[in-house]
file run39.cif (mmCIF, C-alpha atoms)
data_upload
#
loop_
_atom_site.label_atom_id
_atom_site.label_comp_id
_atom_site.auth_asym_id
_atom_site.auth_seq_id
_atom_site.Cartn_x
_atom_site.Cartn_y
_atom_site.Cartn_z
CA MET A 134 0.00 0.00 0.00
CA LEU A 135 2.89 2.34 0.75
CA ALA A 136 4.31 1.66 -2.69
CA TYR A 137 0.94 2.40 -4.26
CA ARG A 138 0.64 5.55 -2.18
CA ASP A 139 3.97 6.61 -3.64
CA GLY A 140 2.72 6.15 -7.18
CA ASP A 141 3.41 2.50 -7.99
CA ALA A 142 0.29 1.30 -9.82
CA GLY A 143 1.68 -2.22 -9.98
CA ALA A 144 1.71 -2.41 -6.19
CA PHE A 145 -2.04 -1.96 -6.12
CA GLU A 146 -2.53 -4.79 -8.57
CA LYS A 147 -0.61 -7.14 -6.29
CA LEU A 148 -2.58 -5.96 -3.29
CA TYR A 149 -5.84 -6.40 -5.12
CA ALA A 150 -4.93 -9.89 -6.32
CA ARG A 151 -4.12 -10.92 -2.77
CA HIS A 152 -7.35 -9.67 -1.17
CA ARG A 153 -9.99 -9.66 -3.88
CA GLY A 154 -11.37 -13.16 -3.33
CA ALA A 155 -11.65 -13.02 0.44
CA LEU A 156 -13.15 -9.56 0.44
CA TYR A 157 -15.60 -10.48 -2.25
CA ARG A 158 -16.78 -13.56 -0.37
CA PHE A 159 -16.91 -11.65 2.88
CA VAL A 160 -19.18 -9.02 1.38
CA LEU A 161 -21.19 -11.54 -0.63
CA ARG A 162 -21.89 -13.74 2.39
CA SER A 163 -22.67 -10.78 4.55
CA LEU A 164 -25.41 -9.78 2.15
CA LYS A 165 -28.05 -11.64 0.24
CA ASP A 166 -28.02 -9.62 -2.91
CA ARG A 167 -25.14 -10.33 -5.25
CA SER A 168 -25.47 -7.03 -7.12
CA VAL A 169 -25.41 -5.09 -3.85
CA ALA A 170 -22.43 -7.16 -2.74
CA GLU A 171 -20.56 -6.30 -5.91
CA GLU A 172 -21.40 -2.68 -5.50
CA LEU A 173 -20.08 -2.64 -1.96
CA PHE A 174 -17.03 -4.62 -2.98
CA GLN A 175 -16.19 -2.06 -5.63
CA GLU A 176 -16.92 0.80 -3.28
CA ALA A 177 -14.54 -0.63 -0.70
CA TRP A 178 -11.69 -0.68 -3.20
CA ILE A 179 -12.51 2.78 -4.46
CA ARG A 180 -12.23 4.01 -0.90
CA VAL A 181 -8.85 2.33 -0.60
CA ILE A 182 -7.73 4.12 -3.76
CA GLU A 183 -9.03 7.46 -2.60
CA ALA A 184 -7.53 7.13 0.85
CA ARG A 185 -4.07 6.14 -0.33
CA GLU A 186 -2.61 9.60 0.36
CA ARG A 187 -3.72 9.41 3.98
CA TYR A 188 -2.77 5.81 4.48
CA ALA A 189 -0.46 5.29 7.45
CA PRO A 190 0.63 1.79 8.34
CA SER A 191 -0.66 1.93 11.91
CA ALA A 192 -2.39 -1.42 11.49
CA ARG A 193 -2.29 -4.30 9.07
CA PHE A 194 -3.58 -3.41 5.66
CA THR A 195 -6.03 -6.31 5.99
CA THR A 196 -7.54 -4.84 9.14
CA TRP A 197 -7.84 -1.46 7.47
CA LEU A 198 -9.43 -2.95 4.37
CA TYR A 199 -12.03 -4.83 6.38
CA THR A 200 -12.73 -1.80 8.50
CA ILE A 201 -13.73 -0.04 5.30
CA ALA A 202 -15.83 -3.01 4.26
CA HIS A 203 -17.44 -3.22 7.70
CA ASN A 204 -18.38 0.46 7.57
CA LEU A 205 -19.94 0.01 4.17
CA LEU A 206 -21.92 -2.96 5.42
CA VAL A 207 -23.08 -1.02 8.46
CA ASP A 208 -24.22 1.80 6.21
CA HIS A 209 -26.02 -0.68 4.05
CA TRP A 210 -27.73 -2.31 7.01
CA ARG A 211 -28.76 1.02 8.35
CA ARG A 212 -30.33 1.93 5.05
CA LYS A 213 -32.17 -1.40 5.07
CA GLY A 214 -33.12 -1.21 8.72
CA LEU A 215 -32.95 -4.52 10.53
CA ALA A 216 -34.33 -6.58 7.67
CA LEU A 217 -31.11 -8.44 7.28
CA VAL A 218 -31.12 -9.62 10.85
CA GLU A 219 -33.96 -12.01 10.16
CA LEU A 220 -33.95 -14.53 7.42
CA THR A 221 -36.83 -14.65 5.05
CA ASP A 222 -38.64 -17.86 4.41
CA GLU A 223 -37.15 -18.45 1.01
CA HIS A 224 -33.76 -18.69 2.60
CA ALA A 225 -35.06 -20.80 5.42
CA SER A 226 -35.88 -23.79 3.30
CA PRO A 227 -32.84 -24.76 1.37
CA ASP A 228 -33.49 -28.47 1.59
CA ASN A 229 -34.05 -29.69 -1.86
CA PRO A 230 -35.21 -33.30 -2.12
CA ALA A 231 -33.79 -33.42 -5.59
CA ARG A 232 -30.33 -33.07 -4.30
CA GLN A 233 -28.71 -36.38 -4.15
CA VAL A 234 -25.34 -35.51 -3.05
CA GLU A 235 -25.02 -35.38 0.71
CA ALA A 236 -22.13 -32.98 0.58
CA ARG A 237 -24.11 -30.46 -1.30
CA GLN A 238 -26.95 -30.75 1.16
CA THR A 239 -24.60 -30.23 3.99
CA ALA A 240 -23.06 -27.24 2.33
CA ALA A 241 -26.47 -25.78 1.73
CA ARG A 242 -27.42 -26.26 5.36
CA PHE A 243 -24.23 -24.67 6.44
CA LEU A 244 -24.75 -21.73 4.16
CA GLN A 245 -28.27 -21.36 5.45
CA ALA A 246 -27.02 -21.36 9.00
CA LEU A 247 -24.41 -18.82 8.10
CA GLU A 248 -26.95 -16.57 6.52
CA ALA A 249 -29.21 -17.00 9.52
CA LEU A 250 -26.64 -15.55 11.84
CA PRO A 251 -27.12 -12.00 13.08
CA PRO A 252 -24.98 -9.69 10.98
CA ALA A 253 -22.50 -8.91 13.73
CA GLN A 254 -21.94 -12.59 14.49
CA ARG A 255 -21.74 -13.51 10.82
CA GLU A 256 -19.29 -10.72 10.24
CA ALA A 257 -17.12 -11.87 13.11
CA PHE A 258 -17.19 -15.41 11.82
CA LEU A 259 -16.35 -14.38 8.24
CA LEU A 260 -13.51 -12.15 9.36
CA HIS A 261 -12.15 -15.01 11.37
CA GLU A 262 -12.71 -17.84 8.95
CA GLU A 263 -12.46 -16.18 5.55
CA VAL A 264 -9.93 -13.46 6.26
CA GLY A 265 -8.03 -15.08 9.09
CA LEU A 266 -8.22 -12.17 11.52
CA SER A 267 -7.60 -12.70 15.20
CA VAL A 268 -10.14 -11.66 17.81
CA ALA A 269 -8.19 -8.46 18.45
CA GLU A 270 -8.12 -7.67 14.75
CA ILE A 271 -11.83 -8.39 14.42
CA ALA A 272 -12.42 -5.97 17.27
CA ALA A 273 -10.29 -3.34 15.54
CA ALA A 274 -11.93 -3.81 12.15
CA THR A 275 -15.45 -3.69 13.50
CA GLY A 276 -14.85 -0.90 15.98
CA THR A 277 -15.66 -2.87 19.06
CA ASN A 278 -13.76 -4.27 22.02
CA GLU A 279 -12.17 -7.68 22.15
CA GLU A 280 -14.71 -9.07 24.58
CA ALA A 281 -17.59 -8.22 22.29
CA ALA A 282 -15.74 -9.59 19.27
CA LYS A 283 -14.93 -12.78 21.10
CA SER A 284 -18.51 -13.16 22.25
CA ARG A 285 -19.87 -12.65 18.74
CA LEU A 286 -17.50 -15.18 17.33
CA ARG A 287 -18.31 -17.71 20.03
CA TYR A 288 -22.05 -17.39 19.43
CA ALA A 289 -21.55 -17.67 15.70
CA LEU A 290 -19.48 -20.80 16.03
CA ALA A 291 -21.97 -22.36 18.43
CA LYS A 292 -24.88 -21.77 16.07
CA LEU A 293 -23.01 -23.06 13.07
CA LYS A 294 -21.92 -26.12 15.00
CA ALA A 295 -25.48 -26.82 15.95
CA ALA A 296 -26.50 -26.53 12.29
CA VAL A 297 -23.72 -28.86 11.19
CA ASP A 298 -24.55 -31.43 13.86
CA GLU A 299 -28.22 -31.59 12.99
CA MET B 232 -10.73 -19.12 20.69
CA SER B 233 -10.92 -22.84 20.06
CA ASP B 234 -12.10 -23.43 16.49
CA ASP B 235 -14.17 -26.39 15.54
CA PRO B 236 -12.34 -27.95 12.56
CA LYS B 237 -15.63 -29.28 11.28
CA ILE B 238 -17.02 -25.76 10.94
CA SER B 239 -13.92 -24.60 9.25
CA GLN B 240 -14.08 -27.56 6.90
CA ARG B 241 -17.71 -26.88 6.10
CA TYR B 242 -16.99 -23.28 5.41
CA ARG B 243 -14.15 -24.21 3.09
CA GLY B 244 -16.55 -26.50 1.35
CA LEU B 245 -18.67 -23.58 0.23
CA PRO B 246 -18.22 -22.34 -3.33
CA ARG B 247 -15.23 -20.02 -3.65
CA GLU B 248 -16.85 -17.15 -5.45
CA GLU B 249 -14.63 -14.63 -7.10
CA PRO B 250 -15.46 -11.13 -8.27
CA PRO B 251 -16.47 -10.89 -11.93
CA ARG B 252 -13.77 -9.98 -14.40
CA ALA B 253 -15.46 -6.71 -15.30
CA LEU B 254 -15.41 -5.67 -11.67
CA ASP B 255 -11.70 -6.42 -11.43
CA GLU B 256 -10.99 -4.36 -14.51
CA ALA B 257 -13.06 -1.42 -13.33
CA ILE B 258 -11.28 -1.32 -9.99
CA LEU B 259 -7.80 -1.69 -11.48
CA ALA B 260 -8.56 1.01 -14.04
CA ALA B 261 -9.64 3.32 -11.23
CA SER B 262 -6.41 2.64 -9.38
CA ARG B 263 -4.34 3.49 -12.45
CA ARG B 264 -6.31 6.64 -13.12
CA ALA B 265 -5.68 7.79 -9.58
CA VAL B 266 -1.93 7.32 -9.98
CA ASN B 267 -1.87 9.11 -13.33
CA ARG B 268 -3.88 11.97 -11.92
CA ARG B 269 -1.32 12.29 -9.17
CA ARG B 270 1.54 12.41 -11.67
CA TRP B 271 0.38 15.67 -13.19
CA TYR B 272 -1.34 17.07 -10.15
CA TYR B 273 1.77 17.61 -8.04
CA PRO B 274 3.96 19.29 -10.65
CA VAL B 275 1.08 21.54 -11.59
CA ALA B 276 0.39 22.36 -7.96
CA ALA B 277 4.08 23.07 -7.34
CA ALA B 278 4.25 25.30 -10.42
CA ALA B 279 1.16 27.18 -9.28
CA VAL B 280 2.70 27.78 -5.87
CA ILE B 281 5.93 29.05 -7.43
CA VAL B 282 4.07 31.38 -9.79
CA LEU B 283 2.03 32.70 -6.89
CA ALA B 284 5.14 33.29 -4.79
CA VAL B 285 6.89 35.13 -7.63
CA ALA B 286 3.79 37.25 -8.20
CA VAL B 287 3.63 38.18 -4.53
CA VAL B 288 7.32 39.10 -4.45
CA ALA B 289 6.97 41.18 -7.61
CA HIS B 290 3.94 42.91 -6.16
CA VAL B 291 5.77 43.72 -2.93
CA ASP B 292 8.73 45.05 -4.91
CA ARG B 293 6.43 47.25 -6.93
CA GLU B 294 4.67 48.52 -3.85
CA GLN B 295 7.76 49.50 -1.87
CA PRO B 296 9.31 52.04 -4.25
CA ASP B 297 5.92 53.68 -4.72
CA GLY B 298 5.67 54.27 -1.02
CA GLU B 299 9.10 55.84 -0.91
CA VAL B 300 8.71 57.99 -3.95
CA VAL B 301 5.29 59.33 -3.22
CA ALA B 302 5.70 60.34 0.41
CA PRO B 303 8.83 62.56 0.40
CA PRO B 304 7.81 64.88 -2.41
CA ALA B 305 4.79 65.79 -0.36
CA LYS B 306 7.18 66.89 2.38
CA VAL B 307 9.23 68.86 -0.10
CA LEU B 308 6.13 70.59 -1.34
CA GLU B 309 5.11 71.37 2.20
CA THR B 310 8.29 73.37 2.65
CA PRO B 311 7.39 76.95 1.93
CA PRO B 312 9.56 78.44 -0.75
CA PRO B 313 11.77 80.96 1.03
CA PRO B 314 11.31 84.58 0.11
CA PRO B 315 14.29 85.91 -1.68
CA VAL B 316 15.83 88.26 0.82
CA VAL B 317 13.80 88.26 4.00
CA GLU B 318 15.80 87.30 7.07
CA GLN B 319 13.06 85.56 9.08
CA PRO B 320 12.34 82.55 6.88
CA ARG B 321 16.00 81.75 6.76
CA ALA B 322 15.96 80.76 10.38
CA GLU B 323 12.74 78.81 10.00
CA ALA B 324 13.42 77.09 6.75
CA PRO B 325 15.68 74.38 8.13
CA GLN B 326 13.14 73.66 10.85
CA ALA B 327 10.35 73.46 8.35
CA ALA B 328 12.34 71.11 6.19
CA GLN B 329 13.53 69.32 9.31
CA LYS B 330 14.97 65.87 9.59
CA PRO B 331 13.24 63.51 7.22
CA ALA B 332 15.10 64.83 4.24
CA ARG B 333 17.50 67.66 4.60
CA PRO B 334 17.52 68.85 1.05
CA GLN B 335 19.33 72.04 1.94
CA PHE B 336 22.26 69.97 3.17
CA ALA B 337 22.38 67.56 0.35
CA PRO B 338 25.19 68.56 -1.91
CA ASP B 339 27.16 66.39 -4.22
CA PRO B 340 27.28 62.96 -2.61
CA GLN B 341 30.88 62.71 -3.69
CA ALA B 342 31.76 65.69 -1.55
CA ASP B 343 35.09 65.46 0.15
CA SER B 344 35.24 68.18 2.71
CA GLY B 345 38.99 68.14 2.99
CA ARG B 346 40.03 68.65 -0.60
CA ARG B 347 37.38 70.64 -2.29
CA SER B 348 37.46 74.34 -2.89
CA ASP B 349 34.89 76.58 -1.31
CA ALA B 350 33.21 77.11 -4.64
CA ALA B 351 32.96 73.41 -5.25
CA ARG B 352 31.51 72.95 -1.78
CA ALA B 353 28.69 75.42 -2.34
CA PRO B 354 25.55 73.53 -1.38
CA ALA B 355 23.31 72.78 -4.26
CA ALA B 356 24.44 75.88 -6.03
CA GLY B 357 24.76 76.74 -9.67
CA PRO B 358 27.67 78.61 -11.25
CA ALA B 359 26.27 82.00 -10.37
CA ALA B 360 26.08 81.17 -6.73
CA ARG B 361 29.59 79.84 -6.82
CA GLU B 362 30.79 83.08 -8.33
CA GLU B 363 29.06 84.98 -5.59
CA GLN B 364 30.65 82.86 -2.97
CA ASN B 365 34.04 83.14 -4.55
CA ASP B 366 33.60 86.84 -4.40
CA VAL B 367 32.68 86.61 -0.76
CA ALA B 368 35.71 84.54 -0.02
CA ALA B 369 38.07 86.63 -2.09
CA SER B 370 37.22 90.23 -1.42
CA PRO B 371 37.40 91.80 2.02
CA ALA B 372 34.26 93.91 1.51
CA PRO B 373 32.65 95.91 4.27
CA ALA B 374 30.48 93.91 6.65
CA ALA B 375 27.11 95.26 5.49
CA ALA B 376 27.84 94.70 1.85
CA GLU B 377 29.19 91.30 2.60
CA ALA B 378 26.10 90.33 4.54
CA ARG B 379 23.88 91.52 1.77
CA ARG B 380 25.82 89.66 -0.82
CA ASP B 381 25.74 86.65 1.39
CA ARG B 382 21.97 86.79 1.62
CA GLU B 383 21.63 87.24 -2.11
CA ALA B 384 23.92 84.37 -2.76
CA ASP B 385 21.97 82.22 -0.37
CA SER B 386 18.69 83.21 -1.92
CA LEU B 387 19.99 82.56 -5.38
CA ALA B 388 21.38 79.25 -4.33
CA ARG B 389 18.03 78.25 -2.90
CA MET B 390 16.18 79.14 -6.07
CA GLN B 391 18.68 77.41 -8.25
CA ALA B 392 18.71 74.43 -6.00
CA GLN B 393 15.24 73.68 -7.24
CA ARG B 394 16.37 73.70 -10.85
CA ALA B 395 20.07 73.15 -11.13
CA PRO B 396 21.55 69.73 -11.87
CA ALA B 397 23.82 70.21 -8.88
CA SER B 398 20.79 69.79 -6.66
CA GLN B 399 19.88 66.43 -8.09
CA ALA B 400 21.56 64.60 -5.27
CA ALA B 401 19.58 66.59 -2.76
CA ARG B 402 16.36 65.95 -4.56
CA ALA B 403 17.19 62.34 -5.03
CA SER B 404 17.83 62.14 -1.33
CA ALA B 405 14.54 63.84 -0.62
CA LEU B 406 12.69 61.66 -3.08
CA ALA B 407 14.16 58.57 -1.56
CA GLY B 408 13.07 59.79 1.84
CA ALA B 409 16.59 59.18 3.12
CA ALA B 410 18.45 61.40 5.58
CA PRO B 411 21.67 62.91 4.23
CA SER B 412 24.83 61.02 4.93
CA PRO B 413 27.01 62.33 7.78
CA GLU B 414 29.44 63.75 5.21
CA GLN B 415 26.67 65.57 3.42
CA TRP B 416 25.35 66.90 6.68
CA LEU B 417 28.76 68.15 7.74
CA GLN B 418 29.25 69.75 4.37
CA GLY B 419 26.00 71.60 4.89
CA ILE B 420 27.23 72.84 8.27
CA VAL B 421 30.47 74.01 6.68
CA ASP B 422 28.46 75.89 4.14
CA LEU B 423 26.35 77.51 6.83
CA ARG B 424 29.51 78.66 8.59
CA ARG B 425 30.83 80.10 5.40
CA GLN B 426 27.61 81.97 4.92
CA GLY B 427 27.84 83.34 8.40
CA ARG B 428 24.74 81.47 9.57
CA HIS B 429 26.42 80.36 12.72
CA GLU B 430 23.34 79.83 14.84
CA GLU B 431 21.90 77.48 12.30
CA ALA B 432 25.25 75.82 11.97
CA ASP B 433 25.43 75.38 15.76
CA ARG B 434 21.99 73.86 15.82
CA GLU B 435 22.80 71.53 13.00
CA LEU B 436 26.07 70.53 14.58
CA ALA B 437 24.34 69.81 17.87
CA GLU B 438 21.74 67.79 16.04
CA PHE B 439 24.43 66.02 14.10
CA ARG B 440 26.26 65.04 17.29
CA LYS B 441 23.05 63.84 18.80
CA ARG B 442 22.34 61.74 15.75
CA TYR B 443 25.88 60.43 15.30
CA PRO B 444 27.44 60.45 18.77
CA ASP B 445 30.19 58.10 17.69
CA TYR B 446 31.18 59.95 14.54
CA ARG B 447 34.76 61.14 14.80
CA LEU B 448 35.45 64.44 13.11
CA SER B 449 38.86 64.95 11.58
CA GLY B 450 40.78 67.94 12.85
CA GLU B 451 40.29 69.74 9.60
CA MET B 452 36.57 69.10 9.54
CA LYS B 453 36.25 70.01 13.18
CA ALA B 454 37.84 73.34 12.47
CA LYS B 455 35.38 73.92 9.68
CA VAL B 456 32.14 72.95 11.40
CA GLU B 457 32.77 74.33 14.87
CA ARG B 458 32.34 78.02 15.59
CA ARG B 459 35.58 79.80 16.03
CA GLN B 460 35.67 81.67 19.27
#
call {"tool": "encode", "arguments": {"input": "run39.cif", "output": "structure tokens"}}
result
Amino acid sequence: MLAYRDGDAGAFEKLYARHRGALYRFVLRSLKDRSVAEELFQEAWIRVIEARERYAPSARFTTWLYTIAHNLLVDHWRRKGLALVELTDEHASPDNPARQVEARQTAARFLQALEALPPAQREAFLLHEEVGLSVAEIAAATGTNEEAAKSRLRYALAKLKAAVDE
Amino acid sequence: MSDDPKISQRYRGLPREEPPRALDEAILAASRRAVNRRRWYYPVAAAAVIVLAVAVVAHVDREQPDGEVVAPPAKVLETPPPPPVVEQPRAEAPQAAQKPARPQFAPDPQADSGRRSDAARAPAAGPAAREEQNDVAASPAPAAAEARRDREADSLARMQAQRAPASQAARASALAGAAPSPEQWLQGIVDLRRQGRHEEADRELAEFRKRYPDYRLSGEMKAKVERRQ
């Protein structure tokens, strides 16, 4: 990021290649709407580009990047109210009798459970599992304290485990 | 935080979605545009700052001389032109002209009090005045006639001082708003002595010593500027 800040366009391409997949999945799985997820994904990177002059390596770039993404998600949730906290019925019935492959059924159940999580818990889980952030980094990225981050993650894991064990 | 490997495994089993190619290209293009914008932005900004600084300096330079040129002439104009022969204004004229610019004591800036002849030392005087003063110096005329001639010479010198090239230094000094140099001032005092205007000369000398307490007068100059008892 420092190299990009200093005018090296190639540095951004490397940075983007390293983080694009995880960020995309993080945003996509935090939301239900793919088009909205893509919009937020792009917006997050645009903010990185625009903020390059002010960038100071006080934290890991990853933490900074996901702080931006978290803020965008929060804005999105605020605009939508609390609708995303509850799952709608269409997402609550993923079981498809036509599916023959057990693995796919399991994956679907897992995805359903993931989507059923409250946004804060899902976010904590995704930051931990998809991005590989520690509890402290999750707290930093989401603007909360470590206790809260740890609690969210623990609840998320417990619910997902219950869904997997069903 | 103890992770359940099964959860992690399940999560890894989910499809690994990637952003669409078009999205990648749009973001990378934006990043390149930002860098290119920066490439021209900083040189242009730096050039603008330099141009602005030069403009400000030029403006200040233009302003300063104006202030110096405009103010002193007003002072010169305020000085009432001395009547030709009347005694009274002679005593007041130096006070009216006072310190800011002492045009009456601003002879040739090259003046060297030690080597110049009396005629050459005539303050701001044209050839006629010099002739008069030469006469004064040369002929032992009676006191009354000498005083009269002295006054006429002084009056003539004053009038010519406003026109003659010899007074350019004085006017330049006045225009510049600068006080005469110590040498010029002393030369003026010498001239006053020569013209018999000793009281004025005393005042000027006292003022000079107040202004330049550390100025050391040569013996020759001292003899010229101090009143002989």
call {"tool": "closest_atom_pairs", "arguments": {"input": "run39.cif", "of": "chain B", "to": "chain A", "cutoff": "8 Å", "atoms": "only C-alpha atoms", "output": "tab-separated table"}}
result
residue	atom	partner	partner_atom	distance
B:Met232	CA	A:Lys283	CA	7.6
B:Asp234	CA	A:Leu290	CA	7.8
B:Asp235	CA	A:Leu290	CA	7.7
B:Lys237	CA	A:Lys294	CA	8.0
B:Ile238	CA	A:Lys294	CA	6.4
B:Ser239	CA	A:Glu262	CA	6.9
B:Arg241	CA	A:Ala240	CA	6.6
B:Tyr242	CA	A:Phe243	CA	7.4
B:Gly244	CA	A:Ala240	CA	6.6
B:Leu245	CA	A:Ala240	CA	6.1
B:Arg247	CA	A:Arg158	CA	7.4
B:Glu248	CA	A:Arg158	CA	6.2
B:Glu249	CA	A:Gly154	CA	5.2
B:Pro250	CA	A:Tyr157	CA	6.1
B:Leu254	CA	A:Gln175	CA	7.1
B:Ile258	CA	A:Gln175	CA	6.6
B:Leu259	CA	A:Glu146	CA	6.8
B:Ala261	CA	A:Ile179	CA	7.4
B:Ser262	CA	A:Ile182	CA	6.0
B:Arg263	CA	A:Ala142	CA	5.8
B:Ala265	CA	A:Ile182	CA	7.2
B:Val266	CA	A:Gly140	CA	5.6
B:Arg269	CA	A:Gly140	CA	7.6
B:Arg270	CA	A:Gly140	CA	7.8
call {"tool": "resolve_selection", "arguments": {"input": "run39.cif", "expression": "the PyMOL selection byres ((chain A and resi 204) around 12)", "output": "list in words"}}
result
Val160, Leu173, Phe174, Glu176, Ala177, Arg180, Trp197, Leu198, Tyr199, Thr200, Ile201, Ala202, His203, Leu205, Leu206, Val207, Asp208, His209, Trp210, Arg211, Ala253, Glu256, Ala273, Ala274, Thr275 and Gly276 of chain A
call {"tool": "residues_around", "arguments": {"input": "run39.cif", "residues": "range 436-449 of chain B", "least_positions_apart": "6", "cutoff": "8 Å", "atoms": "all atoms listed in the file", "output": "list in words"}}
result
Pro413, Trp416, Leu417, Ile420, Val456 and Glu457 of chain B
call {"tool": "residues_near_point", "arguments": {"input": "run39.cif", "point": "(1.2, -2.7, 1.8)", "cutoff": "10 Å", "atoms": "all atoms listed in the file", "output": "mmCIF file with C-alpha atoms, keeping the file's coordinate frame"}}
result
data_model
loop_
_atom_site.group_PDB
_atom_site.id
_atom_site.type_symbol
_atom_site.label_atom_id
_atom_site.label_comp_id
_atom_site.auth_asym_id
_atom_site.auth_seq_id
_atom_site.Cartn_x
_atom_site.Cartn_y
_atom_site.Cartn_z
ATOM 1 C CA MET A 134 0.000 0.000 0.000
ATOM 2 C CA LEU A 135 2.890 2.340 0.750
ATOM 3 C CA ALA A 136 4.310 1.660 -2.690
ATOM 4 C CA TYR A 137 0.940 2.400 -4.260
ATOM 5 C CA ARG A 138 0.640 5.550 -2.180
ATOM 6 C CA ALA A 144 1.710 -2.410 -6.190
ATOM 7 C CA PHE A 145 -2.040 -1.960 -6.120
ATOM 8 C CA LYS A 147 -0.610 -7.140 -6.290
ATOM 9 C CA LEU A 148 -2.580 -5.960 -3.290
ATOM 10 C CA TYR A 188 -2.770 5.810 4.480
ATOM 11 C CA ALA A 189 -0.460 5.290 7.450
ATOM 12 C CA PRO A 190 0.630 1.790 8.340
ATOM 13 C CA ARG A 193 -2.290 -4.300 9.070
ATOM 14 C CA PHE A 194 -3.580 -3.410 5.660
ATOM 15 C CA THR A 195 -6.030 -6.310 5.990
#
call {"tool": "atom_distance", "arguments": {"input": "run39.cif", "atom1": "CA of Gln240 in chain B", "atom2": "CA of Ala192 in chain A"}}
result
29.0 Å
call {"tool": "atom_distance", "arguments": {"input": "run39.cif", "atom1": "CA of Val421 in chain B", "atom2": "CA of Met452 in chain B"}}
result
8.3 Å
call {"tool": "atom_distance", "arguments": {"input": "run39.cif", "atom1": "CA of Arg458 in chain B", "atom2": "CA of Gly427 in chain B"}}
result
10.0 Å
call {"tool": "closest_residue", "arguments": {"input": "run39.cif", "among": "A:Ser191, A:Ser163, A:Gln238, A:Gln245", "to": "Lys292 in chain A", "atoms": "only C-alpha atoms"}}
result
A:Gln245
call {"tool": "build_atoms", "arguments": {"input": "run39.cif", "residues": "range 183-187 of chain A", "atoms": "all heavy atoms", "output": "JSON list (two decimals), in the frame of the given file"}}
result
[["chain", "number", "residue", "atom", "x", "y", "z"],
["A", 183, "GLU", "N", -8.91, 6.03, -2.94],
["A", 183, "GLU", "CA", -9.03, 7.46, -2.60],
["A", 183, "GLU", "C", -8.29, 7.82, -1.33],
["A", 183, "GLU", "O", -7.88, 8.97, -1.15],
["A", 183, "GLU", "CB", -10.52, 7.83, -2.46],
["A", 183, "GLU", "CG", -11.23, 7.88, -3.81],
["A", 183, "GLU", "CD", -12.72, 8.09, -3.68],
["A", 183, "GLU", "OE1", -13.23, 7.99, -2.53],
["A", 183, "GLU", "OE2", -13.37, 8.35, -4.69],
["A", 184, "ALA", "N", -8.16, 6.85, -0.45],
["A", 184, "ALA", "CA", -7.53, 7.13, 0.85],
["A", 184, "ALA", "C", -6.04, 6.87, 0.84],
["A", 184, "ALA", "O", -5.40, 6.97, 1.89],
["A", 184, "ALA", "CB", -8.21, 6.30, 1.94],
["A", 185, "ARG", "N", -5.47, 6.55, -0.32],
["A", 185, "ARG", "CA", -4.07, 6.14, -0.33],
["A", 185, "ARG", "C", -3.14, 7.22, 0.19],
["A", 185, "ARG", "O", -2.12, 6.93, 0.79],
["A", 185, "ARG", "CB", -3.66, 5.70, -1.74],
["A", 185, "ARG", "CG", -3.53, 6.84, -2.71],
["A", 185, "ARG", "CD", -3.53, 6.37, -4.14],
["A", 185, "ARG", "NE", -3.38, 7.50, -5.04],
["A", 185, "ARG", "CZ", -4.36, 8.35, -5.31],
["A", 185, "ARG", "NH1", -5.54, 8.20, -4.75],
["A", 185, "ARG", "NH2", -4.16, 9.37, -6.12],
["A", 186, "GLU", "N", -3.49, 8.51, -0.08],
["A", 186, "GLU", "CA", -2.61, 9.60, 0.36],
["A", 186, "GLU", "C", -2.56, 9.67, 1.89],
["A", 186, "GLU", "O", -1.56, 10.10, 2.46],
["A", 186, "GLU", "CB", -3.12, 10.95, -0.18],
["A", 186, "GLU", "CG", -3.29, 11.01, -1.68],
["A", 186, "GLU", "CD", -1.96, 11.13, -2.40],
["A", 186, "GLU", "OE1", -0.93, 11.20, -1.72],
["A", 186, "GLU", "OE2", -1.96, 11.14, -3.64],
["A", 187, "ARG", "N", -3.65, 9.29, 2.52],
["A", 187, "ARG", "CA", -3.72, 9.41, 3.98],
["A", 187, "ARG", "C", -3.30, 8.13, 4.67],
["A", 187, "ARG", "O", -3.26, 8.08, 5.89],
["A", 187, "ARG", "CB", -5.16, 9.75, 4.41],
["A", 187, "ARG", "CG", -5.73, 11.00, 3.78],
["A", 187, "ARG", "CD", -7.08, 11.34, 4.38],
["A", 187, "ARG", "NE", -8.08, 10.30, 4.16],
["A", 187, "ARG", "CZ", -8.81, 10.20, 3.06],
["A", 187, "ARG", "NH1", -8.66, 11.08, 2.08],
["A", 187, "ARG", "NH2", -9.70, 9.24, 2.92]]
